[in-house]
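K.L.:
One file: my_file20.cif (mmCIF, C-alpha atoms).
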data_structure
#
loop_
_atom_site.label_atom_id
_atom_site.label_comp_id
_atom_site.auth_asym_id
_atom_site.auth_seq_id
_atom_site.Cartn_x
_atom_site.Cartn_y
_atom_site.Cartn_z
CA MET W 30 -17.47 -63.63 -10.80
CA THR W 31 -14.92 -62.59 -8.23
CA SER W 32 -12.55 -65.44 -8.96
CA ALA W 33 -12.41 -68.45 -11.20
CA ALA W 34 -12.30 -70.85 -8.31
CA ALA W 35 -15.40 -69.37 -6.71
CA ALA W 36 -17.34 -70.05 -9.86
CA LEU W 37 -16.78 -73.80 -9.95
CA GLY W 38 -19.93 -75.67 -10.82
CA THR W 39 -22.78 -75.05 -13.20
CA LEU W 40 -26.20 -73.57 -12.86
CA PRO W 41 -28.17 -75.26 -10.07
CA PRO W 42 -30.47 -77.99 -11.40
CA ALA W 43 -33.92 -76.82 -12.35
CA ASN W 44 -37.10 -78.82 -11.86
CA PRO W 45 -36.91 -82.05 -13.86
CA ALA W 46 -37.92 -81.62 -17.47
CA PRO W 47 -40.32 -84.17 -18.99
CA LEU W 48 -38.59 -87.45 -19.84
CA LYS W 49 -39.62 -87.14 -23.50
CA GLN W 50 -37.95 -83.74 -23.76
CA ASP W 51 -34.71 -84.89 -22.13
CA ALA W 52 -34.66 -88.06 -24.26
CA ALA W 53 -35.03 -86.03 -27.46
CA VAL W 54 -32.10 -83.78 -26.55
CA ILE W 55 -29.96 -86.75 -25.52
CA GLY W 56 -30.78 -88.61 -28.73
CA LEU W 57 -30.01 -85.67 -31.00
CA VAL W 58 -26.71 -84.89 -29.31
CA GLY W 59 -25.82 -88.59 -29.33
CA LEU W 60 -26.50 -88.78 -33.06
CA ALA W 61 -24.29 -85.77 -33.67
CA HIS W 62 -21.52 -87.28 -31.55
CA GLY W 63 -21.73 -90.50 -33.56
CA THR W 64 -21.00 -88.52 -36.73
CA SER W 65 -17.94 -87.04 -35.03
CA HIS W 66 -16.47 -90.47 -34.27
CA PHE W 67 -17.47 -91.65 -37.75
CA SER W 68 -15.27 -88.83 -39.08
CA HIS W 69 -12.27 -90.18 -37.13
CA MET W 70 -12.45 -93.20 -39.43
CA LEU W 71 -13.32 -91.36 -42.62
CA LEU W 72 -9.95 -92.19 -44.19
CA ALA W 73 -8.29 -95.00 -42.21
CA PRO W 74 -10.47 -97.98 -43.32
CA LEU W 75 -9.60 -97.29 -46.95
CA PHE W 76 -5.84 -96.79 -46.46
CA PRO W 77 -5.05 -100.04 -48.34
CA VAL W 78 -7.07 -98.76 -51.29
CA PHE W 79 -5.28 -95.40 -51.32
CA ILE W 80 -1.89 -97.11 -51.03
CA ARG W 81 -2.77 -99.24 -54.05
CA ASP W 82 -4.43 -96.58 -56.21
CA PHE W 83 -2.17 -93.60 -55.43
CA GLY W 84 1.14 -95.40 -54.81
CA LEU W 85 1.41 -94.20 -51.19
CA GLY W 86 3.37 -95.60 -48.26
CA PHE W 87 2.28 -96.29 -44.67
CA ALA W 88 4.10 -93.17 -43.49
CA ASP W 89 2.14 -91.10 -46.02
CA VAL W 90 -1.27 -92.31 -44.88
CA GLY W 91 -0.21 -92.18 -41.21
CA LEU W 92 0.56 -88.50 -41.63
CA LEU W 93 -3.05 -87.93 -42.68
CA MET W 94 -4.24 -89.03 -39.22
CA THR W 95 -1.58 -86.94 -37.50
CA VAL W 96 -2.81 -83.87 -39.39
CA PHE W 97 -6.41 -84.71 -38.49
CA PHE W 98 -5.73 -84.95 -34.75
CA VAL W 99 -3.37 -81.95 -34.58
CA ILE W 100 -5.98 -79.73 -36.24
CA SER W 101 -8.75 -81.22 -34.11
CA GLY W 102 -6.78 -80.73 -30.89
CA ILE W 103 -5.83 -77.13 -31.55
CA GLY W 104 -9.29 -76.36 -32.88
CA GLN W 105 -11.02 -78.02 -29.93
CA ALA W 106 -9.32 -75.76 -27.41
CA ALA W 107 -10.09 -72.67 -29.49
CA SER W 108 -13.66 -73.60 -30.42
CA GLY W 109 -14.70 -73.71 -26.77
CA PHE W 110 -14.41 -69.93 -26.64
CA LEU W 111 -16.57 -69.64 -29.76
CA VAL W 112 -19.25 -71.91 -28.28
CA ASP W 113 -19.39 -69.79 -25.12
CA ARG W 114 -19.79 -66.61 -27.19
CA VAL W 115 -22.28 -67.62 -29.91
CA GLY W 116 -23.88 -70.78 -28.52
CA ALA W 117 -23.42 -74.43 -29.36
CA ARG W 118 -26.05 -74.86 -32.07
CA PRO W 119 -24.56 -72.81 -34.95
CA VAL W 120 -21.10 -74.21 -34.29
CA LEU W 121 -22.48 -77.76 -34.34
CA PHE W 122 -24.19 -77.18 -37.69
CA ALA W 123 -20.97 -75.74 -39.15
CA ALA W 124 -19.00 -78.76 -37.92
CA ILE W 125 -21.27 -81.30 -39.62
CA THR W 126 -21.16 -79.19 -42.78
CA CYS W 127 -17.36 -79.61 -42.70
CA PHE W 128 -17.83 -83.40 -42.59
CA LEU W 129 -20.18 -83.17 -45.55
CA ALA W 130 -17.59 -81.13 -47.47
CA ALA W 131 -14.81 -83.57 -46.50
CA SER W 132 -16.80 -86.51 -47.90
CA LEU W 133 -17.43 -84.71 -51.17
CA VAL W 134 -13.76 -83.77 -51.50
CA ALA W 135 -12.80 -87.40 -50.79
CA SER W 136 -15.10 -88.61 -53.55
CA GLN W 137 -13.18 -86.44 -56.02
CA ALA W 138 -9.64 -87.03 -54.74
CA THR W 139 -7.07 -87.86 -57.41
CA GLY W 140 -3.98 -88.07 -55.21
CA TYR W 141 -2.35 -87.49 -51.86
CA TRP W 142 -3.10 -83.78 -51.56
CA GLY W 143 -6.78 -84.42 -52.10
CA LEU W 144 -6.70 -86.82 -49.16
CA MET W 145 -4.79 -84.24 -47.13
CA ALA W 146 -7.59 -81.75 -47.80
CA VAL W 147 -10.04 -84.33 -46.46
CA ALA W 148 -7.98 -84.72 -43.28
CA VAL W 149 -7.92 -80.93 -42.78
CA LEU W 150 -11.67 -80.49 -43.32
CA ALA W 151 -12.55 -83.45 -41.11
CA GLY W 152 -10.20 -82.20 -38.38
CA ILE W 153 -11.82 -78.76 -38.44
CA GLY W 154 -15.24 -80.37 -38.27
CA ASN W 155 -14.29 -82.65 -35.39
CA ALA W 156 -12.79 -79.88 -33.27
CA PRO W 157 -15.94 -78.28 -31.75
CA PHE W 158 -17.90 -81.43 -30.91
CA HIS W 159 -17.12 -81.88 -27.23
CA PRO W 160 -17.64 -78.20 -26.36
CA CYS W 161 -20.90 -78.20 -28.34
CA ASP W 162 -22.23 -81.52 -27.07
CA PHE W 163 -21.54 -80.96 -23.40
CA THR W 164 -22.78 -77.37 -23.46
CA ILE W 165 -26.11 -78.60 -24.85
CA LEU W 166 -26.37 -81.55 -22.47
CA ASN W 167 -25.45 -79.54 -19.38
CA GLN W 168 -27.95 -76.80 -20.21
CA ARG W 169 -30.84 -78.78 -21.68
CA VAL W 170 -30.94 -82.07 -19.73
CA SER W 171 -32.24 -82.40 -16.17
CA ASN W 172 -29.49 -82.85 -13.61
CA GLU W 173 -30.68 -86.25 -12.42
CA ARG W 174 -30.58 -87.60 -15.99
CA LEU W 175 -27.11 -86.30 -16.86
CA GLY W 176 -25.50 -89.62 -15.99
CA HIS W 177 -27.66 -91.35 -18.59
CA ALA W 178 -27.04 -88.48 -21.04
CA PHE W 179 -23.28 -88.88 -20.75
CA SER W 180 -23.71 -92.64 -21.07
CA VAL W 181 -25.61 -92.32 -24.37
CA HIS W 182 -23.05 -89.77 -25.55
CA GLY W 183 -20.23 -92.25 -25.02
CA VAL W 184 -22.13 -95.19 -26.51
CA THR W 185 -22.97 -93.34 -29.73
CA GLY W 186 -19.34 -92.28 -30.10
CA SER W 187 -18.20 -95.90 -29.90
CA LEU W 188 -20.90 -96.93 -32.36
CA GLY W 189 -19.70 -94.24 -34.75
CA TRP W 190 -16.22 -95.78 -34.61
CA ALA W 191 -17.70 -99.22 -35.24
CA LEU W 192 -19.98 -98.14 -38.11
CA ALA W 193 -17.46 -96.28 -40.27
CA PRO W 194 -15.30 -99.25 -41.38
CA VAL W 195 -18.36 -101.40 -42.12
CA PHE W 196 -20.06 -98.57 -44.02
CA LEU W 197 -17.09 -97.44 -46.10
CA VAL W 198 -15.51 -100.82 -46.78
CA GLY W 199 -18.89 -102.46 -47.41
CA ILE W 200 -19.96 -99.93 -50.04
CA THR W 201 -16.47 -99.97 -51.59
CA THR W 202 -16.72 -103.75 -51.92
CA MET W 203 -20.14 -103.54 -53.55
CA SER W 204 -19.29 -100.57 -55.79
CA ASP W 205 -16.17 -98.41 -55.41
CA TRP W 206 -14.61 -96.06 -52.87
CA ARG W 207 -15.89 -92.90 -54.55
CA THR W 208 -19.44 -94.17 -54.20
CA ALA W 209 -18.69 -94.88 -50.54
CA TYR W 210 -17.80 -91.23 -49.99
CA TYR W 211 -20.86 -90.01 -51.88
CA SER W 212 -22.88 -92.21 -49.53
CA ALA W 213 -21.09 -90.76 -46.51
CA ALA W 214 -21.97 -87.27 -47.75
CA LEU W 215 -25.63 -88.28 -47.95
CA LEU W 216 -25.39 -89.66 -44.41
CA TYR W 217 -24.04 -86.37 -43.09
CA LEU W 218 -26.67 -84.45 -45.04
CA GLY W 219 -29.43 -86.55 -43.48
CA VAL W 220 -28.09 -85.96 -39.96
CA LEU W 221 -27.77 -82.23 -40.62
CA ALA W 222 -31.34 -82.06 -41.93
CA LEU W 223 -32.68 -83.87 -38.87
CA LEU W 224 -30.81 -81.62 -36.45
CA TRP W 225 -32.01 -78.53 -38.31
CA TRP W 226 -35.60 -79.78 -38.12
CA GLN W 227 -35.23 -80.29 -34.35
CA ARG W 228 -33.02 -77.23 -33.84
CA ASP W 229 -35.18 -75.77 -31.04
CA LYS W 230 -34.01 -78.61 -28.79
CA LEU W 231 -30.35 -77.68 -29.36
CA LEU W 232 -30.57 -74.00 -28.43
CA THR W 233 -28.23 -72.95 -25.62
CA GLN W 234 -27.96 -69.77 -23.59
CA VAL W 235 -24.95 -67.52 -23.86
CA VAL W 236 -23.79 -65.87 -20.66
CA VAL W 237 -24.20 -62.12 -21.22
CA ARG W 238 -21.55 -60.04 -19.51
CA ALA W 239 -20.92 -56.37 -19.14
CA ALA W 240 -18.53 -54.96 -21.72
CA PRO W 241 -15.23 -54.20 -19.96
CA THR W 242 -12.08 -53.01 -21.67
CA PRO W 243 -10.78 -55.44 -24.32
CA GLY W 244 -7.74 -56.37 -22.24
CA ALA W 245 -9.84 -57.08 -19.17
CA ALA W 246 -12.31 -59.16 -21.20
CA LYS W 247 -9.51 -61.29 -22.61
CA ALA W 248 -8.03 -61.81 -19.15
CA ARG W 249 -11.39 -62.85 -17.73
CA ASP W 250 -11.98 -65.28 -20.59
CA LEU W 251 -8.70 -66.97 -19.69
CA ASP W 252 -9.24 -67.04 -15.92
CA PHE W 253 -10.20 -70.72 -16.05
CA LEU W 254 -6.66 -71.57 -17.21
CA LYS W 255 -5.40 -70.55 -13.75
CA LEU W 256 -7.30 -73.40 -12.15
CA PRO W 257 -5.05 -76.42 -11.45
CA VAL W 258 -8.10 -78.67 -11.76
CA VAL W 259 -8.38 -77.84 -15.47
CA TRP W 260 -4.87 -79.11 -16.13
CA TRP W 261 -5.44 -82.21 -14.04
CA CYS W 262 -8.47 -82.88 -16.27
CA PHE W 263 -6.31 -82.31 -19.35
CA ALA W 264 -3.70 -84.74 -18.03
CA PHE W 265 -6.37 -87.34 -17.34
CA PHE W 266 -7.67 -87.24 -20.91
CA LEU W 267 -4.19 -87.27 -22.41
CA LEU W 268 -3.11 -90.32 -20.40
CA SER W 269 -6.29 -92.36 -20.77
CA THR W 270 -6.38 -91.72 -24.52
CA MET W 271 -2.81 -92.92 -24.96
CA THR W 272 -3.97 -96.33 -23.72
CA LEU W 273 -6.94 -96.33 -26.12
CA ALA W 274 -4.55 -95.50 -28.97
CA VAL W 275 -2.40 -98.50 -28.00
CA VAL W 276 -5.44 -100.75 -28.34
CA GLN W 277 -6.61 -99.26 -31.63
CA SER W 278 -3.19 -99.02 -33.27
CA PHE W 279 -1.09 -101.90 -31.96
CA VAL W 280 -3.19 -104.68 -30.39
CA PRO W 281 -3.87 -106.41 -33.77
CA SER W 282 -0.16 -106.41 -34.57
CA ILE W 283 0.71 -107.65 -31.06
CA LEU W 284 -1.73 -110.55 -31.30
CA GLN W 285 -0.45 -111.51 -34.74
CA ALA W 286 3.20 -111.34 -33.68
CA VAL W 287 2.88 -113.09 -30.30
CA TYR W 288 0.18 -115.68 -30.98
CA GLY W 289 -0.02 -115.89 -34.78
CA THR W 290 -3.61 -114.67 -34.63
CA SER W 291 -5.26 -114.15 -38.01
CA MET W 292 -5.71 -110.59 -39.20
CA GLU W 293 -9.48 -110.95 -39.09
CA ALA W 294 -9.53 -112.24 -35.51
CA ALA W 295 -7.00 -109.65 -34.33
CA THR W 296 -9.03 -106.84 -35.88
CA PHE W 297 -12.21 -108.26 -34.36
CA THR W 298 -10.56 -107.96 -30.92
CA VAL W 299 -10.45 -104.19 -31.34
CA SER W 300 -14.09 -104.18 -32.46
CA ALA W 301 -14.98 -106.32 -29.42
CA TYR W 302 -13.12 -103.86 -27.19
CA MET W 303 -15.12 -100.95 -28.61
CA LEU W 304 -18.45 -102.77 -28.40
CA CYS W 305 -17.75 -103.81 -24.80
CA SER W 306 -16.77 -100.22 -24.09
CA ALA W 307 -20.13 -99.09 -25.46
CA ALA W 308 -21.93 -101.67 -23.28
CA GLY W 309 -19.90 -100.47 -20.30
CA MET W 310 -20.91 -96.88 -20.94
CA PHE W 311 -24.57 -97.93 -20.97
CA VAL W 312 -24.13 -99.60 -17.58
CA GLY W 313 -21.99 -96.69 -16.43
CA GLY W 314 -24.93 -94.33 -16.85
CA PHE W 315 -26.81 -96.23 -14.14
CA VAL W 316 -23.68 -96.39 -12.00
CA ALA W 317 -23.22 -92.62 -12.28
CA VAL W 318 -26.86 -91.92 -11.36
CA TYR W 319 -26.62 -94.35 -8.41
CA GLY W 320 -23.44 -92.62 -7.30
CA GLN W 321 -25.15 -89.22 -7.42
CA ARG W 322 -28.00 -90.46 -5.25
CA ARG W 323 -25.67 -92.20 -2.78
CA GLN W 324 -23.22 -89.26 -2.80
CA ILE W 325 -20.40 -91.46 -4.09
CA SER W 326 -17.87 -89.16 -5.73
CA SER W 327 -17.41 -89.46 -9.48
CA ASP W 328 -13.64 -89.51 -9.15
CA THR W 329 -13.85 -92.62 -6.95
CA VAL W 330 -15.92 -94.50 -9.55
CA LEU W 331 -13.61 -93.29 -12.30
CA ALA W 332 -10.43 -94.29 -10.48
CA TRP W 333 -11.77 -97.79 -9.75
CA GLY W 334 -12.74 -98.30 -13.40
CA MET W 335 -9.41 -97.08 -14.72
CA GLY W 336 -7.47 -98.99 -12.07
CA LEU W 337 -9.25 -102.25 -12.91
CA GLY W 338 -8.63 -101.67 -16.61
CA ALA W 339 -4.92 -101.07 -15.94
CA LEU W 340 -4.68 -104.30 -13.94
CA LEU W 341 -6.38 -106.33 -16.68
CA MET W 342 -4.12 -104.91 -19.39
CA LEU W 343 -1.04 -105.57 -17.27
CA LEU W 344 -2.14 -109.19 -16.86
CA CYS W 345 -2.52 -109.44 -20.64
CA ALA W 346 1.08 -108.28 -20.99
CA THR W 347 2.27 -111.30 -18.96
CA GLY W 348 0.93 -113.73 -21.56
CA TRP W 349 -0.71 -115.87 -18.86
CA PHE W 350 -4.06 -116.01 -20.62
CA GLY W 351 -2.89 -117.30 -23.99
CA GLU W 352 -4.35 -116.17 -27.30
CA VAL W 353 -8.10 -116.51 -26.71
CA GLY W 354 -7.89 -115.48 -23.06
CA THR W 355 -5.96 -112.32 -23.95
CA MET W 356 -8.55 -111.38 -26.56
CA VAL W 357 -11.38 -111.90 -24.03
CA VAL W 358 -9.65 -110.02 -21.22
CA LEU W 359 -8.88 -107.07 -23.52
CA ALA W 360 -12.58 -106.90 -24.36
CA ILE W 361 -13.41 -106.93 -20.64
CA THR W 362 -10.91 -104.09 -20.20
CA GLY W 363 -12.99 -102.06 -22.65
CA PHE W 364 -16.09 -102.75 -20.56
CA ALA W 365 -14.36 -101.60 -17.34
CA LEU W 366 -13.23 -98.35 -18.94
CA GLY W 367 -16.66 -97.84 -20.47
CA VAL W 368 -18.37 -98.07 -17.07
CA ALA W 369 -16.16 -95.22 -15.89
CA GLY W 370 -17.05 -92.97 -18.86
CA PRO W 371 -20.24 -91.25 -17.61
CA SER W 372 -18.67 -90.64 -14.17
CA ARG W 373 -15.74 -89.03 -15.98
CA ASP W 374 -18.05 -86.56 -17.71
CA LEU W 375 -19.89 -85.78 -14.47
CA LEU W 376 -16.54 -85.06 -12.83
CA ILE W 377 -15.58 -82.62 -15.58
CA LYS W 378 -18.97 -80.94 -15.18
CA ARG W 379 -18.23 -80.36 -11.50
CA ALA W 380 -14.86 -78.84 -12.41
CA THR W 381 -16.33 -76.37 -14.91
CA PRO W 382 -16.68 -72.68 -13.97
CA LYS W 383 -20.09 -71.17 -14.60
CA GLY W 384 -20.37 -69.68 -18.07
CA ALA W 385 -17.20 -71.39 -19.30
CA THR W 386 -18.52 -74.80 -20.33
CA GLY W 387 -17.30 -74.55 -23.92
CA ARG W 388 -13.86 -73.25 -22.99
CA VAL W 389 -13.24 -75.84 -20.29
CA TYR W 390 -14.52 -78.82 -22.28
CA GLY W 391 -12.62 -77.62 -25.34
CA THR W 392 -9.39 -77.36 -23.39
CA VAL W 393 -9.56 -80.57 -21.36
CA TYR W 394 -10.91 -82.71 -24.20
CA SER W 395 -8.11 -81.50 -26.46
CA GLY W 396 -6.08 -83.87 -24.29
CA LEU W 397 -7.78 -86.64 -26.30
CA ASP W 398 -6.25 -85.39 -29.52
CA VAL W 399 -2.84 -84.89 -27.91
CA GLY W 400 -2.98 -88.43 -26.56
CA PHE W 401 -3.90 -89.86 -29.96
CA ALA W 402 -1.04 -87.90 -31.55
CA LEU W 403 1.60 -88.83 -28.94
CA SER W 404 0.82 -92.48 -28.33
CA PRO W 405 1.90 -93.86 -31.74
CA LEU W 406 5.20 -91.98 -31.41
CA VAL W 407 5.93 -93.26 -27.90
CA PHE W 408 4.71 -96.84 -28.17
CA GLY W 409 5.67 -97.18 -31.83
CA VAL W 410 9.31 -97.22 -30.71
CA LEU W 411 8.60 -100.22 -28.47
CA MET W 412 6.78 -101.97 -31.31
CA ASP W 413 9.66 -101.37 -33.72
CA HIS W 414 11.98 -103.16 -31.26
CA GLY W 415 9.57 -106.09 -30.96
CA TRP W 416 8.84 -105.29 -27.30
CA TYR W 417 5.20 -106.29 -27.51
CA ALA W 418 4.68 -107.15 -23.84
CA ALA W 419 6.29 -103.84 -22.90
CA THR W 420 3.83 -102.02 -25.16
CA LEU W 421 0.83 -103.54 -23.36
CA ALA W 422 2.48 -102.99 -19.97
CA GLY W 423 3.21 -99.38 -20.89
CA GLY W 424 -0.43 -98.88 -21.82
CA ALA W 425 -1.39 -100.29 -18.41
CA VAL W 426 1.01 -97.96 -16.58
CA VAL W 427 -0.31 -94.91 -18.42
CA LEU W 428 -3.87 -95.99 -17.60
CA ALA W 429 -2.94 -96.31 -13.91
CA LEU W 430 -1.54 -92.78 -14.03
CA SER W 431 -4.85 -91.58 -15.47
CA ALA W 432 -6.63 -93.11 -12.44
CA TYR W 433 -4.32 -91.07 -10.20
CA ALA W 434 -5.11 -87.98 -12.26
CA ALA W 435 -8.85 -88.62 -11.78
CA LEU W 436 -8.39 -88.65 -8.02
CA GLY W 437 -6.38 -85.43 -8.35
CA VAL W 438 -9.28 -83.79 -10.19
CA GLY W 439 -11.73 -84.84 -7.48
CA LYS W 440 -9.47 -83.59 -4.70
CA ARG W 441 -9.10 -80.17 -6.30
CA VAL W 442 -12.80 -79.83 -7.06
CA GLU W 443 -13.63 -80.48 -3.43
CA ALA W 444 -10.97 -78.04 -2.26
CA THR W 445 -12.66 -75.17 -4.12
CA ARG W 446 -16.17 -75.80 -2.76
#
Mind turning the file's structure into structure tokens?
P.N.:
Amino acid sequence: MTSAAAALGTLPPANPAPLKQDAAVIGLVGLAHGTSHFSHMLLAPLFPVFIRDFGLGFADVGLLMTVFFVISGIGQAASGFLVDRVGARPVLFAAITCFLAASLVASQATGYWGLMAVAVLAGIGNAPFHPCDFTILNQRVSNERLGHAFSVHGVTGSLGWALAPVFLVGITTMSDWRTAYYSAALLYLGVLALLWWQRDKLLTQVVVRAAPTPGAAKARDLDFLKLPVVWWCFAFFLLSTMTLAVVQSFVPSILQAVYGTSMEAATFTVSAYMLCSAAGMFVGGFVAVYGQRRQISSDTVLAWGMGLGALLMLLCATGWFGEVGTMVVLAITGFALGVAGPSRDLLIKRATPKGATGRVYGTVYSGLDVGFALSPLVFGVLMDHGWYAATLAGGAVVLALSAYAALGVGKRVEATR
């Protein structure tokens, strides 16, 4: 390609593949993505058990998640290059194998460093998922069904988050936590076996290029980093994820402190947020397809969804709704953001240079990990001072900034066409 900007876009859509074929690919990738989100929660649900059994503190177990997301973020950006060079399928299989190994190590852990090894293995395994998943979907699914594909991808991720605590805590309650991790290993093994059996549906093409000098090849591989649109995408993911981290990390504590909400009800609010987000992503698939047909830009849909979510969260910060109303409105916020999810992924697809899907998705989605790592540090200060309304309002402001970033992505994509 003569320039990175000239290569924006992906291969032109081919004739529609049979629905059964597209559905199989979407289902397999969705299942794999669910295991990725399951791995995010591989340790956290059992933190109270580890604190009790190993004499750890909250700072100790919190560091485990920091290590997970730092490794995942760095690895995600790097793994995109690997996916572009060797294809998505072998990298995907290696990632799930890392989850399998992490579960087995967890089942044998005798102290903090065993848990740290789990965090490292799970972080390595989580790193390549977005480059792998979106490379497969963009290459193997018909263009007119990509909105639904991205919808299913988001839904299964949310379901993976929802399943992990129930799975691990439930088995621990019935037996013990080591049995829970043995069971998780069997779960990963089953997913890996199914994907291997259906591996022909996960094969992706690698762009074959002439062999220039090593220095020139490296420069060309990094050409996409010169595109401002890539960094606008990165900023969007970083900002929007900081808001999600506020919900996951601090909303239960805010509800308990402000309204005296029970721990069970406060925790259920986060589950309701995630389930409504999953429902929103399902609806968002139809919205994205409708937008494609009506030539409504993805960034417009995305900005409206994020803007509405920011407004709802800001209203929650005022305390006007009371305890139950705040819990309901936060769940509706999850739905609004979920509707925007598939349009988000379509927008990133439009911003991706040909032959660089893995690299671009790896780089921009690493903003997720950076957001998860930064948010507890930034908003944790507000929480420590008891500024609970300010924490929710801050999450709303950051979400509004992500809507602005989405419009910036759309503007720059159009400018290069």
K.L.:
Residues within 12 Å of Asp51 of chain W, please, as a PyMOL selection string. Count all atoms listed in the file; anything in the same chain fewer than 4 positions from it doesn't count.
P.N.:
chain W and resi 45-47+55-58+165-175+177-178+181+230-231
K.L.:
Can you pull out the residues contacting segment 144-152 of chain W? Cut-off 9 Å, using only C-alpha atoms, and skip same-chain residues under 6 positions away; I want them as a PyMOL selection string.
P.N.:
chain W and resi 65+68-69+71-72+79+90+92-102+104+124+127-135+138
K.L.:
Quick one: write out the picked residues with C-alpha atoms as a short mmCIF file (atom, residue, chain, number, x, y, z; two decimals), in the coordinates of the input?
P.N.:
data_model
loop_
_atom_site.label_atom_id
_atom_site.label_comp_id
_atom_site.auth_asym_id
_atom_site.auth_seq_id
_atom_site.Cartn_x
_atom_site.Cartn_y
_atom_site.Cartn_z
CA SER W 65 -17.94 -87.04 -35.03
CA SER W 68 -15.27 -88.83 -39.08
CA HIS W 69 -12.27 -90.18 -37.13
CA LEU W 71 -13.32 -91.36 -42.62
CA LEU W 72 -9.95 -92.19 -44.19
CA PHE W 79 -5.28 -95.40 -51.32
CA VAL W 90 -1.27 -92.31 -44.88
CA LEU W 92 0.56 -88.50 -41.63
CA LEU W 93 -3.05 -87.93 -42.68
CA MET W 94 -4.24 -89.03 -39.22
CA THR W 95 -1.58 -86.94 -37.50
CA VAL W 96 -2.81 -83.87 -39.39
CA PHE W 97 -6.41 -84.71 -38.49
CA PHE W 98 -5.73 -84.95 -34.75
CA VAL W 99 -3.37 -81.95 -34.58
CA ILE W 100 -5.98 -79.73 -36.24
CA SER W 101 -8.75 -81.22 -34.11
CA GLY W 102 -6.78 -80.73 -30.89
CA GLY W 104 -9.29 -76.36 -32.88
CA ALA W 124 -19.00 -78.76 -37.92
CA CYS W 127 -17.36 -79.61 -42.70
CA PHE W 128 -17.83 -83.40 -42.59
CA LEU W 129 -20.18 -83.17 -45.55
CA ALA W 130 -17.59 -81.13 -47.47
CA ALA W 131 -14.81 -83.57 -46.50
CA SER W 132 -16.80 -86.51 -47.90
CA LEU W 133 -17.43 -84.71 -51.17
CA VAL W 134 -13.76 -83.77 -51.50
CA ALA W 135 -12.80 -87.40 -50.79
CA ALA W 138 -9.64 -87.03 -54.74
#
K.L.:
To one decimal place in Å, what is the distance between atom CA of Leu111 of chain W and atom CA of Arg388 of chain W?
P.N.:
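Separation of atom CA of Leu111 of chain W and atom CA of Arg388 of chain W: 8.1 Å.
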K.L.:
Using the chain letters and numbers from the file, which residues does the PyMOL selection byres ((chain W and resi 351-355) around 10) grab, as a list in words?
P.N.:
Leu284, Gln285, Val287, Tyr288, Gly289, Thr290, Ala294, Ala295, Thr298, Leu341, Met342, Leu344, Cys345, Ala346, Thr347, Gly348, Trp349, Phe350, Met356, Val357, Val358, Leu359, Ala360 and Ile361 of chain W
K.L.:
Create the file for the chosen residues now, containing C-alpha atoms and written as a compact mmCIF listing (two decimals), keeping the file's coordinate frame.
P.N.:
# COMPACT_ATOMS: atom_id res chain seq x y z
CA LEU W 284 -1.73 -110.55 -31.30
CA GLN W 285 -0.45 -111.51 -34.74
CA VAL W 287 2.88 -113.09 -30.30
CA TYR W 288 0.18 -115.68 -30.98
CA GLY W 289 -0.02 -115.89 -34.78
CA THR W 290 -3.61 -114.67 -34.63
CA ALA W 294 -9.53 -112.24 -35.51
CA ALA W 295 -7.00 -109.65 -34.33
CA THR W 298 -10.56 -107.96 -30.92
CA LEU W 341 -6.38 -106.33 -16.68
CA MET W 342 -4.12 -104.91 -19.39
CA LEU W 344 -2.14 -109.19 -16.86
CA CYS W 345 -2.52 -109.44 -20.64
CA ALA W 346 1.08 -108.28 -20.99
CA THR W 347 2.27 -111.30 -18.96
CA GLY W 348 0.93 -113.73 -21.56
CA TRP W 349 -0.71 -115.87 -18.86
CA PHE W 350 -4.06 -116.01 -20.62
CA MET W 356 -8.55 -111.38 -26.56
CA VAL W 357 -11.38 -111.90 -24.03
CA VAL W 358 -9.65 -110.02 -21.22
CA LEU W 359 -8.88 -107.07 -23.52
CA ALA W 360 -12.58 -106.90 -24.36
CA ILE W 361 -13.41 -106.93 -20.64
K.L.:
Return as JSON the box centre and box size in Å, one decimal, for an axis-aligned box around all listed atoms of segment 329-343 of chain W padded by 6 Å per side.
P.N.:
{"center_x": -8.5, "center_y": -99.5, "center_z": -13.2, "size_x": 26.9, "size_y": 25.7, "size_z": 24.4}
K.L.:
Please identify every residue of segment 150-233 of chain W that has at least one atom no farther than 9 Å from an atom of segment 301-310 of chain W, counting all atoms listed in the file, and for each give the shortest atom pair and the distance in Å to one decimal, arranged by chain then increasing number, as a tab-separated table.
P.N.:
residue	atom	partner	partner_atom	distance
W:Phe179	CA	W:Met310	CA	8.3
W:Ser180	CA	W:Met310	CA	5.1
W:Val181	CA	W:Met310	CA	7.4
W:His182	CA	W:Met310	CA	8.7
W:Gly183	CA	W:Met310	CA	6.2
W:Val184	CA	W:Ala307	CA	4.5
W:Thr185	CA	W:Ala307	CA	7.7
W:Gly186	CA	W:Ala307	CA	8.3
W:Ser187	CA	W:Ala307	CA	5.8
W:Leu188	CA	W:Ala307	CA	7.3
W:Trp190	CA	W:Met303	CA	8.0
W:Ala191	CA	W:Met303	CA	7.3
K.L.:
Restricting the calculation to all atoms listed in the file: of W:Ala117, W:Val54, W:Ala286, W:Met335, which residue gets closest to Ala434 of chain W?
P.N.:
W:Met335
K.L.:
If the PyMOL selection byres ((chain W and resi 389-391) around 6) is run on the structure shown, which residues does it catch, given as a ChimeraX atom specification?
P.N.:
/W:105-106,109,160,386-388,392-394
K.L.:
Could I get the residues of segment 272-308 of chain W with an atom no further than 10 Å from an atom of segment 415-421 of chain W, each paired with its nearest atom pair and that distance in Å to one decimal, using only C-alpha atoms, sorted by chain and residue number, as CSV?
P.N.:
residue,atom,partner,partner_atom,distance
W:Thr272,CA,W:Leu421,CA,8.7
W:Val275,CA,W:Leu421,CA,7.6
W:Val276,CA,W:Leu421,CA,8.5
W:Phe279,CA,W:Thr420,CA,8.4
W:Val280,CA,W:Leu421,CA,8.2
W:Ser282,CA,W:Tyr417,CA,8.9
W:Ile283,CA,W:Tyr417,CA,5.9
W:Leu284,CA,W:Tyr417,CA,9.0
W:Ala286,CA,W:Tyr417,CA,8.2
W:Val287,CA,W:Tyr417,CA,7.7
